[in-house]
Amino acid sequence: MRLAVVGVGAAGSRVANRLVAFEQRSGRTLSGGNALLVTSKPPAFDAPERVSDERRVTIGDVHDAVDGGGTRGDPDLGADVARAERGELVRAFDLLDLHRVDGVLVLAGLAGGTGGGAGAVVIDRLQSVCDEPVYAVGVLPSASEGGRAALTAARSLRSFVEHADNVIVFDNDAWVSDPPVADRDSAADAGDDDAGTDGADGTDNPGDPVSFDPAAFAEVNEALAERLVALFAAGEFGDGSAPENVMDPSDIARTLDTGGVSTVGYASTDLPPNGGVRSWLRAVRGWLPWSSDDEEPTDAARITHLVRRAAGSALTVSCESSSADRALVSLSGPPRALSRKGFESGRHWLEREADVVDVKAGDDPIDGSTTLSAVVLLSNVTDVPPVEAMQTRALDYLDDAESERGRDDPAADRDSRERDADWGRFETADPR
Ligand SMILES: Nc1nc2c(ncn2[C@@H]2O[C@H](COP(=O)(O)OP(=O)(O)OP(=O)(O)O)[C@@H](O)[C@H]2O)c(=O)[nH]1
């Protein structure tokens with residue numbers, strides 16, 4: 001699949017930069033450098049820069065509350081600035097070649113004022129200028145960032161789901177071993193005097209800029225980039241020994257066509273440099289739970305094991321897999337390692353596990369590769385505990401804010417908010 005890649009905010013820019021670096025290093029042509037970064041403060045990178053200065057646009061420079069320092073976690077400000085500067089944004093989209101792509105991938109941290117608020121507007125604008133699907137990758141904040149970050153992320157996720165064709169969620173808490181503490185709540189509490197107007201959610205805007213040490217995210221950004229490249233680039237070298245099995249990029253689009261929230265899993269194992277797959281299969285028989293001395297596990301069992309690992313603990317956001325609407329599995333490795341039997345068994349295991357009748361499956365043959373890997377996509381998952389936990393933190397934060405304001409019955413407000421389908425979404429339409 002050929003994608004244009006758009007990073008919004010600091011987190012989105014770092015992950016987009018990583019993605020471009022990863023595809024270059026692995027000889028892929030997913031974006032081919034067809035990328036753009038949209039930020040409201042100069043981004044700090046966690047890896048050598050692969051997106052040139054000409055492909056970066058800064059928004060909010062002329063806005064007093066931004067002034068080159070970011071939106072300080074205020075997504076309404078982020079959305080307002082992006083709407084006001086939509087002309088500049090659309091001109092920046094000219095830097096992307098949107099005519100030769102199968103889709104656009106927008107990446108952002110959902111708790112960022114720029115990533116979340118401006119990100120929703122960027123997705124909406126891209127939908128209006130591009131005929132192909134616009135997918136998003138939204139990063140959930142860690143719980144240690146506090147209630148305000150959860151509220152921003154909850155509102156951003158609603159807005160992203162509304163405007164994007166699908167939102168792949170990445171859960172920082174599950175991936176960052178030592179989440180950086182950047183408590184936006186304290187900024188909000190202090191923000192009465194110094195931070196301008198109230199947000200649309202009725203709480204005070206935060207006052208102090210929040211910035212994260214990019215190094216803390218280096219490893220997880222690499223892991224996310226690896227998964228995104230494995231998924232979206234699958235099948236691009238589709239001239240392996242069994243072309244009928246090669247992943248069809250339109251199957252990736254069809255799986256994502258559900259809308260909603262999705263998760264990606266990935267697992268890989270090294271193949272021996274020589275000696276062939278057979279000797280590798282013999283060598284690793286010991287780590288399979290069902291192997292015994294007198295029984296040599298089949299290729300199918302090993303590939304099922306890899307798919308099971310990919311769909312298990314290694315998901316970008318954990319979920320109940322049976323809540324998925326559609327699923328896809330792609331196996332990548334040298335053509336000699338991609339057996340027909342393994343391909344079918346991986347697909348059948350996922351059909352049973354995700355309780356999906358038609359799991360799309362395909363091979364991603366890579367000549368000379370020394371690893372065998374499986375990538376799994378579970379699309380439109382509805383039972384996603386980390387998202388539910390984030391929404392609970394967001395509503396608790398609002399309840400606390402309303403109690404402090406002397407409102408009588410925060411619980412009743414909470415009920416009506418939960419019923420309100422429009423709750424939390426940012427204004428993305430053009431200002432009149
Ligand atoms: N995975 C990952 N998450 C990040 C990274 N940087 C920040 N985050 C997360 O993304 C959220 C948004 O942070 P930023 O990207 O710095 O914010 P922004 O979108 O630039 O918006 P403002 O600074 O508020 O204008 C944070 O709450 C963190 O949870 C990163 O490099 N990788």
# chains A, B, ... in the order shown; residues from 1 in each chain; ligands from 1
call {"tool": "closest_atom_pairs", "arguments": {"of": "chain A", "to": "ligand 1", "cutoff": "8 Å", "atoms": "only C-alpha atoms and all ligand atoms", "output": "tab-separated table"}}
result
residue	atom	partner	partner_atom_place_in_ligand_line	distance
A:Val8	CA	ligand 1	19 (O)	6.5
A:Gly9	CA	ligand 1	20 (O)	3.5
A:Ala10	CA	ligand 1	15 (O)	3.7
A:Ala11	CA	ligand 1	15 (O)	3.6
A:Gly12	CA	ligand 1	15 (O)	6.1
A:Ser13	CA	ligand 1	15 (O)	7.8
A:Arg14	CA	ligand 1	31 (O)	5.3
A:Val15	CA	ligand 1	31 (O)	6.4
A:Thr39	CA	ligand 1	20 (O)	6.3
A:Ser40	CA	ligand 1	25 (O)	6.0
A:Lys41	CA	ligand 1	20 (O)	7.0
A:Pro43	CA	ligand 1	20 (O)	7.7
A:Phe45	CA	ligand 1	31 (O)	7.8
A:Asp46	CA	ligand 1	31 (O)	7.2
A:Val66	CA	ligand 1	25 (O)	8.0
A:Gly69	CA	ligand 1	25 (O)	7.3
A:Gly70	CA	ligand 1	25 (O)	3.7
A:Thr71	CA	ligand 1	25 (O)	3.6
A:Arg72	CA	ligand 1	24 (O)	4.2
A:Gly73	CA	ligand 1	24 (O)	3.2
A:Asp74	CA	ligand 1	24 (O)	5.9
A:Pro75	CA	ligand 1	24 (O)	7.2
A:Gly78	CA	ligand 1	25 (O)	6.8
A:Ala108	CA	ligand 1	19 (O)	6.4
A:Gly109	CA	ligand 1	10 (O)	3.7
A:Leu110	CA	ligand 1	11 (C)	5.9
A:Ala111	CA	ligand 1	27 (O)	4.4
A:Gly112	CA	ligand 1	19 (O)	3.5
A:Gly113	CA	ligand 1	24 (O)	3.7
A:Thr114	CA	ligand 1	21 (O)	3.9
A:Gly115	CA	ligand 1	19 (O)	3.4
A:Gly116	CA	ligand 1	19 (O)	6.3
A:Val139	CA	ligand 1	1 (N)	6.0
A:Leu140	CA	ligand 1	29 (O)	6.1
A:Pro141	CA	ligand 1	29 (O)	3.5
A:Ser142	CA	ligand 1	29 (O)	5.7
A:Glu145	CA	ligand 1	27 (O)	6.7
A:Ala149	CA	ligand 1	27 (O)	6.1
A:Phe170	CA	ligand 1	1 (N)	7.4
A:Asp171	CA	ligand 1	1 (N)	7.9
A:Asn172	CA	ligand 1	1 (N)	5.7
A:Val176	CA	ligand 1	1 (N)	7.7
A:Ala182	CA	ligand 1	27 (O)	7.8
A:Pro209	CA	ligand 1	23 (O)	6.7
A:Val210	CA	ligand 1	23 (O)	6.1
A:Ser211	CA	ligand 1	16 (O)	5.4
A:Phe212	CA	ligand 1	6 (N)	5.7
A:Asp213	CA	ligand 1	6 (N)	7.5
A:Pro214	CA	ligand 1	31 (O)	5.3
A:Ala215	CA	ligand 1	31 (O)	7.9
A:Ala216	CA	ligand 1	31 (O)	7.6
A:Phe217	CA	ligand 1	32 (N)	4.8
A:Ala218	CA	ligand 1	31 (O)	6.8
A:Val220	CA	ligand 1	1 (N)	6.0
A:Asn221	CA	ligand 1	1 (N)	5.5
A:Leu224	CA	ligand 1	1 (N)	7.9
call {"tool": "closest_atom_pairs", "arguments": {"of": "segment 315-339 of chain A", "to": "segment 363-368 of chain A", "cutoff": "12 Å", "atoms": "only C-alpha atoms", "output": "tab-separated table"}}
result
residue	atom	partner	partner_atom	distance
A:Leu328	CA	A:Asp363	CA	11.1
A:Val329	CA	A:Asp363	CA	8.6
A:Ser330	CA	A:Asp363	CA	5.5
A:Leu331	CA	A:Asp363	CA	4.9
A:Ser332	CA	A:Asp364	CA	4.4
A:Gly333	CA	A:Pro365	CA	5.4
A:Pro334	CA	A:Ile366	CA	5.0
A:Pro335	CA	A:Pro365	CA	5.1
A:Arg336	CA	A:Pro365	CA	8.8
A:Ala337	CA	A:Pro365	CA	8.8
A:Leu338	CA	A:Asp363	CA	7.1
A:Ser339	CA	A:Asp363	CA	9.4
call {"tool": "residues_around", "arguments": {"residues": "segment 388-391 of chain A", "least_positions_apart": "5", "cutoff": "10 Å", "atoms": "only C-alpha atoms", "output": "VMD selection string"}}
result
chain A and resid 140 to 143 146 to 147 149 to 155 157 382 to 383 396 to 397
call {"tool": "write_last_selection", "arguments": {"atoms": "all heavy atoms", "output": "compact mmCIF listing (two decimals), in the first residue's frame"}}
result
# COMPACT_ATOMS: atom_id res chain seq x y z
N LEU A 140 -2.54 6.87 23.13
CA LEU A 140 -3.19 7.16 24.42
C LEU A 140 -2.14 7.65 25.42
O LEU A 140 -1.04 7.10 25.48
CB LEU A 140 -3.82 5.89 25.01
CG LEU A 140 -4.91 5.17 24.24
CD1 LEU A 140 -5.39 3.97 25.06
CD2 LEU A 140 -6.08 6.09 23.95
N PRO A 141 -2.49 8.65 26.26
CA PRO A 141 -1.53 9.10 27.28
C PRO A 141 -1.40 8.06 28.38
O PRO A 141 -2.29 7.23 28.55
CB PRO A 141 -2.19 10.37 27.84
CG PRO A 141 -3.66 10.15 27.62
CD PRO A 141 -3.77 9.35 26.34
N SER A 142 -0.32 8.13 29.12
CA SER A 142 -0.20 7.22 30.25
C SER A 142 -1.05 7.76 31.41
O SER A 142 -1.31 8.97 31.50
CB SER A 142 1.28 7.09 30.62
OG SER A 142 1.53 7.68 31.84
N ALA A 143 -1.50 6.85 32.28
CA ALA A 143 -2.36 7.27 33.41
C ALA A 143 -1.65 8.29 34.28
O ALA A 143 -2.28 9.17 34.88
CB ALA A 143 -2.76 6.04 34.23
N GLY A 146 -2.39 12.13 34.30
CA GLY A 146 -3.49 12.76 35.00
C GLY A 146 -4.79 12.86 34.22
O GLY A 146 -4.88 12.48 33.05
N GLY A 147 -5.80 13.41 34.91
CA GLY A 147 -7.16 13.46 34.38
C GLY A 147 -7.33 14.38 33.18
O GLY A 147 -8.11 14.09 32.27
N ALA A 149 -5.16 15.09 30.84
CA ALA A 149 -4.65 14.42 29.64
C ALA A 149 -5.66 13.37 29.18
O ALA A 149 -5.91 13.22 27.97
CB ALA A 149 -3.29 13.78 29.93
N ALA A 150 -6.26 12.66 30.16
CA ALA A 150 -7.25 11.63 29.79
C ALA A 150 -8.46 12.28 29.12
O ALA A 150 -9.00 11.77 28.13
CB ALA A 150 -7.68 10.87 31.04
N LEU A 151 -8.89 13.44 29.65
CA LEU A 151 -10.04 14.13 29.07
C LEU A 151 -9.73 14.58 27.64
O LEU A 151 -10.54 14.38 26.72
CB LEU A 151 -10.40 15.34 29.94
CG LEU A 151 -11.52 16.24 29.40
CD1 LEU A 151 -12.82 15.46 29.26
CD2 LEU A 151 -11.73 17.45 30.33
N THR A 152 -8.57 15.17 27.46
CA THR A 152 -8.20 15.61 26.10
C THR A 152 -8.16 14.41 25.15
O THR A 152 -8.68 14.46 24.03
CB THR A 152 -6.82 16.31 26.13
OG1 THR A 152 -6.91 17.43 27.00
CG2 THR A 152 -6.41 16.78 24.75
N ALA A 153 -7.56 13.31 25.63
CA ALA A 153 -7.44 12.13 24.77
C ALA A 153 -8.81 11.53 24.46
O ALA A 153 -9.07 11.10 23.33
CB ALA A 153 -6.53 11.10 25.44
N ALA A 154 -9.71 11.52 25.47
CA ALA A 154 -11.05 10.96 25.24
C ALA A 154 -11.79 11.78 24.19
O ALA A 154 -12.44 11.24 23.28
CB ALA A 154 -11.83 10.93 26.55
N ARG A 155 -11.66 13.09 24.29
CA ARG A 155 -12.34 13.97 23.31
C ARG A 155 -11.68 13.81 21.93
O ARG A 155 -12.36 13.75 20.91
CB ARG A 155 -12.26 15.43 23.78
CG ARG A 155 -12.97 15.66 25.11
CD ARG A 155 -12.87 17.11 25.53
NE ARG A 155 -13.55 17.98 24.59
CZ ARG A 155 -13.20 19.25 24.34
NH1 ARG A 155 -12.16 19.78 24.96
NH2 ARG A 155 -13.88 19.97 23.48
N LEU A 157 -10.12 11.22 20.74
CA LEU A 157 -10.44 9.93 20.13
C LEU A 157 -11.82 9.97 19.49
O LEU A 157 -12.02 9.47 18.38
CB LEU A 157 -10.35 8.81 21.19
CG LEU A 157 -10.52 7.40 20.66
CD1 LEU A 157 -9.50 7.09 19.57
CD2 LEU A 157 -10.39 6.37 21.78
N THR A 382 -14.48 -3.30 19.94
CA THR A 382 -15.34 -2.47 20.80
C THR A 382 -15.09 -2.69 22.28
O THR A 382 -15.50 -1.89 23.11
CB THR A 382 -16.83 -2.75 20.48
OG1 THR A 382 -17.02 -4.16 20.48
CG2 THR A 382 -17.21 -2.18 19.13
N ASP A 383 -14.41 -3.79 22.61
CA ASP A 383 -14.11 -4.06 24.02
C ASP A 383 -12.61 -3.81 24.24
O ASP A 383 -11.78 -4.70 24.02
CB ASP A 383 -14.50 -5.53 24.31
CG ASP A 383 -14.40 -5.86 25.80
OD1 ASP A 383 -13.86 -5.02 26.55
OD2 ASP A 383 -14.84 -6.95 26.19
N ASP A 396 -14.15 11.21 35.59
CA ASP A 396 -13.85 11.50 37.00
C ASP A 396 -13.28 12.91 37.12
O ASP A 396 -13.62 13.68 38.03
CB ASP A 396 -12.82 10.52 37.58
CG ASP A 396 -13.41 9.13 37.77
OD1 ASP A 396 -14.66 9.00 37.71
OD2 ASP A 396 -12.63 8.18 37.98
N TYR A 397 -12.41 13.25 36.19
CA TYR A 397 -11.78 14.57 36.21
C TYR A 397 -12.84 15.67 36.04
O TYR A 397 -12.83 16.68 36.74
CB TYR A 397 -10.74 14.64 35.09
CG TYR A 397 -10.10 16.00 34.93
CD1 TYR A 397 -9.10 16.43 35.81
CD2 TYR A 397 -10.50 16.87 33.92
CE1 TYR A 397 -8.52 17.68 35.69
CE2 TYR A 397 -9.92 18.12 33.79
CZ TYR A 397 -8.93 18.52 34.66
OH TYR A 397 -8.37 19.75 34.53
call {"tool": "select_by_dssp", "arguments": {"residues": "segment 311-398 of chain A", "states": "strand (DSSP E)", "output": "NGL selection string"}}
result
:A and (326-333 or 360-365 or 371-379)
call {"tool": "write_last_selection", "arguments": {"atoms": "C-alpha atoms", "output": "PDB file, in the first residue's frame"}}
result
ATOM      1  CA  ARG A 326     -12.870  -7.864  10.829  1.00  0.00           C
ATOM      2  CA  ALA A 327      -9.377  -9.283  11.061  1.00  0.00           C
ATOM      3  CA  LEU A 328      -6.297  -9.692   8.902  1.00  0.00           C
ATOM      4  CA  VAL A 329      -3.070 -11.630   9.237  1.00  0.00           C
ATOM      5  CA  SER A 330       0.070 -11.249   7.181  1.00  0.00           C
ATOM      6  CA  LEU A 331       3.142 -13.477   7.337  1.00  0.00           C
ATOM      7  CA  SER A 332       6.456 -12.054   6.301  1.00  0.00           C
ATOM      8  CA  GLY A 333       9.740 -13.785   5.589  1.00  0.00           C
ATOM      9  CA  LYS A 360      -8.148 -11.757   5.297  1.00  0.00           C
ATOM     10  CA  ALA A 361      -4.736 -13.347   5.070  1.00  0.00           C
ATOM     11  CA  GLY A 362      -1.707 -13.015   2.874  1.00  0.00           C
ATOM     12  CA  ASP A 363       2.021 -13.504   2.616  1.00  0.00           C
ATOM     13  CA  ASP A 364       4.615 -10.799   2.478  1.00  0.00           C
ATOM     14  CA  PRO A 365       7.560 -12.575   0.840  1.00  0.00           C
ATOM     15  CA  THR A 371      13.239 -13.334  10.084  1.00  0.00           C
ATOM     16  CA  LEU A 372       9.760 -14.793  10.000  1.00  0.00           C
ATOM     17  CA  SER A 373       7.094 -12.440  11.332  1.00  0.00           C
ATOM     18  CA  ALA A 374       3.338 -12.210  11.704  1.00  0.00           C
ATOM     19  CA  VAL A 375       1.292  -9.035  11.824  1.00  0.00           C
ATOM     20  CA  VAL A 376      -2.340  -9.122  12.908  1.00  0.00           C
ATOM     21  CA  LEU A 377      -4.950  -6.392  12.492  1.00  0.00           C
ATOM     22  CA  LEU A 378      -8.157  -6.495  14.552  1.00  0.00           C
ATOM     23  CA  SER A 379     -10.505  -3.890  13.161  1.00  0.00           C
TER      24      SER A 379
END
call {"tool": "residues_around", "arguments": {"residues": "Ile59 of chain A", "least_positions_apart": "2", "cutoff": "12 Å", "atoms": "only C-alpha atoms", "output": "number ranges by chain"}}
result
A: 8-9, 37-42, 56-57, 61-71, 77-89, 92, 114-115, 118-119, 122
call {"tool": "closest_residue", "arguments": {"among": "A:Gly424, A:Pro249, A:Gly27, A:Gly103", "to": "Leu126 of chain A", "atoms": "only C-alpha atoms"}}
result
A:Gly103
call {"tool": "closest_residue", "arguments": {"among": "A:Ser318, A:Ser144, A:Ser369, A:Thr304", "to": "Leu271 of chain A", "atoms": "only C-alpha atoms"}}
result
A:Ser369
call {"tool": "decode", "arguments": {"residues": "segment 243-276 of chain A", "atoms": "N, CA and C atoms", "output": "PDB file, in the first residue's frame"}}
result
ATOM      1  N   PRO A 243       2.413 -16.610  -5.730  1.00  0.00           N
ATOM      2  CA  PRO A 243       1.811 -15.276  -5.823  1.00  0.00           C
ATOM      3  C   PRO A 243       0.344 -15.234  -5.393  1.00  0.00           C
ATOM      4  N   GLU A 244      -0.335 -16.385  -5.500  1.00  0.00           N
ATOM      5  CA  GLU A 244      -1.767 -16.353  -5.135  1.00  0.00           C
ATOM      6  C   GLU A 244      -1.960 -16.090  -3.647  1.00  0.00           C
ATOM      7  N   ASN A 245      -0.906 -16.340  -2.853  1.00  0.00           N
ATOM      8  CA  ASN A 245      -1.037 -16.111  -1.406  1.00  0.00           C
ATOM      9  C   ASN A 245      -0.616 -14.712  -0.983  1.00  0.00           C
ATOM     10  N   VAL A 246      -0.033 -13.956  -1.917  1.00  0.00           N
ATOM     11  CA  VAL A 246       0.560 -12.676  -1.523  1.00  0.00           C
ATOM     12  C   VAL A 246      -0.524 -11.686  -1.090  1.00  0.00           C
ATOM     13  N   MET A 247      -0.240 -10.968  -0.010  1.00  0.00           N
ATOM     14  CA  MET A 247      -1.203 -10.007   0.543  1.00  0.00           C
ATOM     15  C   MET A 247      -1.617  -8.988  -0.514  1.00  0.00           C
ATOM     16  N   ASP A 248      -2.910  -8.828  -0.652  1.00  0.00           N
ATOM     17  CA  ASP A 248      -3.456  -7.857  -1.591  1.00  0.00           C
ATOM     18  C   ASP A 248      -3.728  -6.568  -0.799  1.00  0.00           C
ATOM     19  N   PRO A 249      -3.072  -5.441  -1.174  1.00  0.00           N
ATOM     20  CA  PRO A 249      -3.265  -4.213  -0.390  1.00  0.00           C
ATOM     21  C   PRO A 249      -4.741  -3.828  -0.239  1.00  0.00           C
ATOM     22  N   SER A 250      -5.568  -4.220  -1.223  1.00  0.00           N
ATOM     23  CA  SER A 250      -6.988  -3.841  -1.084  1.00  0.00           C
ATOM     24  C   SER A 250      -7.642  -4.612   0.071  1.00  0.00           C
ATOM     25  N   ASP A 251      -7.054  -5.760   0.464  1.00  0.00           N
ATOM     26  CA  ASP A 251      -7.589  -6.472   1.631  1.00  0.00           C
ATOM     27  C   ASP A 251      -7.313  -5.693   2.921  1.00  0.00           C
ATOM     28  N   ILE A 252      -6.180  -4.981   2.947  1.00  0.00           N
ATOM     29  CA  ILE A 252      -5.864  -4.163   4.137  1.00  0.00           C
ATOM     30  C   ILE A 252      -6.918  -3.048   4.228  1.00  0.00           C
ATOM     31  N   ALA A 253      -7.184  -2.414   3.091  1.00  0.00           N
ATOM     32  CA  ALA A 253      -8.180  -1.335   3.080  1.00  0.00           C
ATOM     33  C   ALA A 253      -9.568  -1.867   3.453  1.00  0.00           C
ATOM     34  N   ARG A 254      -9.907  -3.053   2.934  1.00  0.00           N
ATOM     35  CA  ARG A 254     -11.238  -3.606   3.242  1.00  0.00           C
ATOM     36  C   ARG A 254     -11.367  -3.924   4.732  1.00  0.00           C
ATOM     37  N   THR A 255     -10.281  -4.388   5.327  1.00  0.00           N
ATOM     38  CA  THR A 255     -10.344  -4.718   6.763  1.00  0.00           C
ATOM     39  C   THR A 255     -10.514  -3.444   7.590  1.00  0.00           C
ATOM     40  N   LEU A 256      -9.891  -2.359   7.134  1.00  0.00           N
ATOM     41  CA  LEU A 256      -9.972  -1.099   7.890  1.00  0.00           C
ATOM     42  C   LEU A 256     -11.262  -0.332   7.597  1.00  0.00           C
ATOM     43  N   ASP A 257     -11.977  -0.801   6.612  1.00  0.00           N
ATOM     44  CA  ASP A 257     -13.167  -0.104   6.129  1.00  0.00           C
ATOM     45  C   ASP A 257     -14.304  -0.009   7.165  1.00  0.00           C
ATOM     46  N   THR A 258     -14.150  -0.743   8.267  1.00  0.00           N
ATOM     47  CA  THR A 258     -15.188  -0.771   9.299  1.00  0.00           C
ATOM     48  C   THR A 258     -15.347   0.558  10.016  1.00  0.00           C
ATOM     49  N   GLY A 259     -14.307   1.414   9.949  1.00  0.00           N
ATOM     50  CA  GLY A 259     -14.288   2.575  10.830  1.00  0.00           C
ATOM     51  C   GLY A 259     -14.004   2.111  12.248  1.00  0.00           C
ATOM     52  N   GLY A 260     -14.137   3.029  13.225  1.00  0.00           N
ATOM     53  CA  GLY A 260     -13.926   2.682  14.624  1.00  0.00           C
ATOM     54  C   GLY A 260     -12.448   2.605  14.995  1.00  0.00           C
ATOM     55  N   VAL A 261     -12.206   1.816  16.039  1.00  0.00           N
ATOM     56  CA  VAL A 261     -10.871   1.728  16.637  1.00  0.00           C
ATOM     57  C   VAL A 261     -10.271   0.358  16.331  1.00  0.00           C
ATOM     58  N   SER A 262      -8.985   0.326  16.013  1.00  0.00           N
ATOM     59  CA  SER A 262      -8.343  -0.951  15.681  1.00  0.00           C
ATOM     60  C   SER A 262      -7.039  -1.124  16.444  1.00  0.00           C
ATOM     61  N   THR A 263      -6.551  -2.351  16.419  1.00  0.00           N
ATOM     62  CA  THR A 263      -5.299  -2.648  17.104  1.00  0.00           C
ATOM     63  C   THR A 263      -4.446  -3.553  16.214  1.00  0.00           C
ATOM     64  N   VAL A 264      -3.128  -3.421  16.358  1.00  0.00           N
ATOM     65  CA  VAL A 264      -2.205  -4.176  15.509  1.00  0.00           C
ATOM     66  C   VAL A 264      -1.277  -4.992  16.406  1.00  0.00           C
ATOM     67  N   GLY A 265      -1.105  -6.262  16.074  1.00  0.00           N
ATOM     68  CA  GLY A 265      -0.178  -7.109  16.825  1.00  0.00           C
ATOM     69  C   GLY A 265       0.944  -7.587  15.925  1.00  0.00           C
ATOM     70  N   TYR A 266       2.077  -7.890  16.534  1.00  0.00           N
ATOM     71  CA  TYR A 266       3.239  -8.262  15.736  1.00  0.00           C
ATOM     72  C   TYR A 266       4.135  -9.195  16.541  1.00  0.00           C
ATOM     73  N   ALA A 267       4.648 -10.210  15.893  1.00  0.00           N
ATOM     74  CA  ALA A 267       5.641 -11.075  16.544  1.00  0.00           C
ATOM     75  C   ALA A 267       6.598 -11.573  15.479  1.00  0.00           C
ATOM     76  N   SER A 268       7.849 -11.761  15.866  1.00  0.00           N
ATOM     77  CA  SER A 268       8.818 -12.245  14.871  1.00  0.00           C
ATOM     78  C   SER A 268       9.796 -13.207  15.522  1.00  0.00           C
ATOM     79  N   THR A 269      10.412 -13.982  14.705  1.00  0.00           N
ATOM     80  CA  THR A 269      11.442 -14.904  15.192  1.00  0.00           C
ATOM     81  C   THR A 269      12.558 -14.956  14.155  1.00  0.00           C
ATOM     82  N   ASP A 270      13.791 -15.029  14.632  1.00  0.00           N
ATOM     83  CA  ASP A 270      14.924 -15.062  13.702  1.00  0.00           C
ATOM     84  C   ASP A 270      15.056 -16.430  13.053  1.00  0.00           C
ATOM     85  N   LEU A 271      15.386 -16.429  11.777  1.00  0.00           N
ATOM     86  CA  LEU A 271      15.687 -17.682  11.082  1.00  0.00           C
ATOM     87  C   LEU A 271      17.211 -17.850  11.087  1.00  0.00           C
ATOM     88  N   PRO A 272      17.684 -19.074  11.046  1.00  0.00           N
ATOM     89  CA  PRO A 272      19.143 -19.243  11.020  1.00  0.00           C
ATOM     90  C   PRO A 272      19.707 -18.720   9.707  1.00  0.00           C
ATOM     91  N   PRO A 273      20.924 -18.145   9.751  1.00  0.00           N
ATOM     92  CA  PRO A 273      21.484 -17.564   8.532  1.00  0.00           C
ATOM     93  C   PRO A 273      21.680 -18.603   7.434  1.00  0.00           C
ATOM     94  N   ASN A 274      22.000 -19.849   7.808  1.00  0.00           N
ATOM     95  CA  ASN A 274      22.090 -20.890   6.787  1.00  0.00           C
ATOM     96  C   ASN A 274      21.670 -22.207   7.435  1.00  0.00           C
ATOM     97  N   GLY A 275      21.612 -23.209   6.624  1.00  0.00           N
ATOM     98  CA  GLY A 275      21.172 -24.493   7.171  1.00  0.00           C
ATOM     99  C   GLY A 275      19.701 -24.722   6.900  1.00  0.00           C
ATOM    100  N   GLY A 276      19.010 -23.675   6.436  1.00  0.00           N
ATOM    101  CA  GLY A 276      17.642 -23.860   5.981  1.00  0.00           C
ATOM    102  C   GLY A 276      16.625 -23.869   7.095  1.00  0.00           C
TER     103      GLY A 276
END
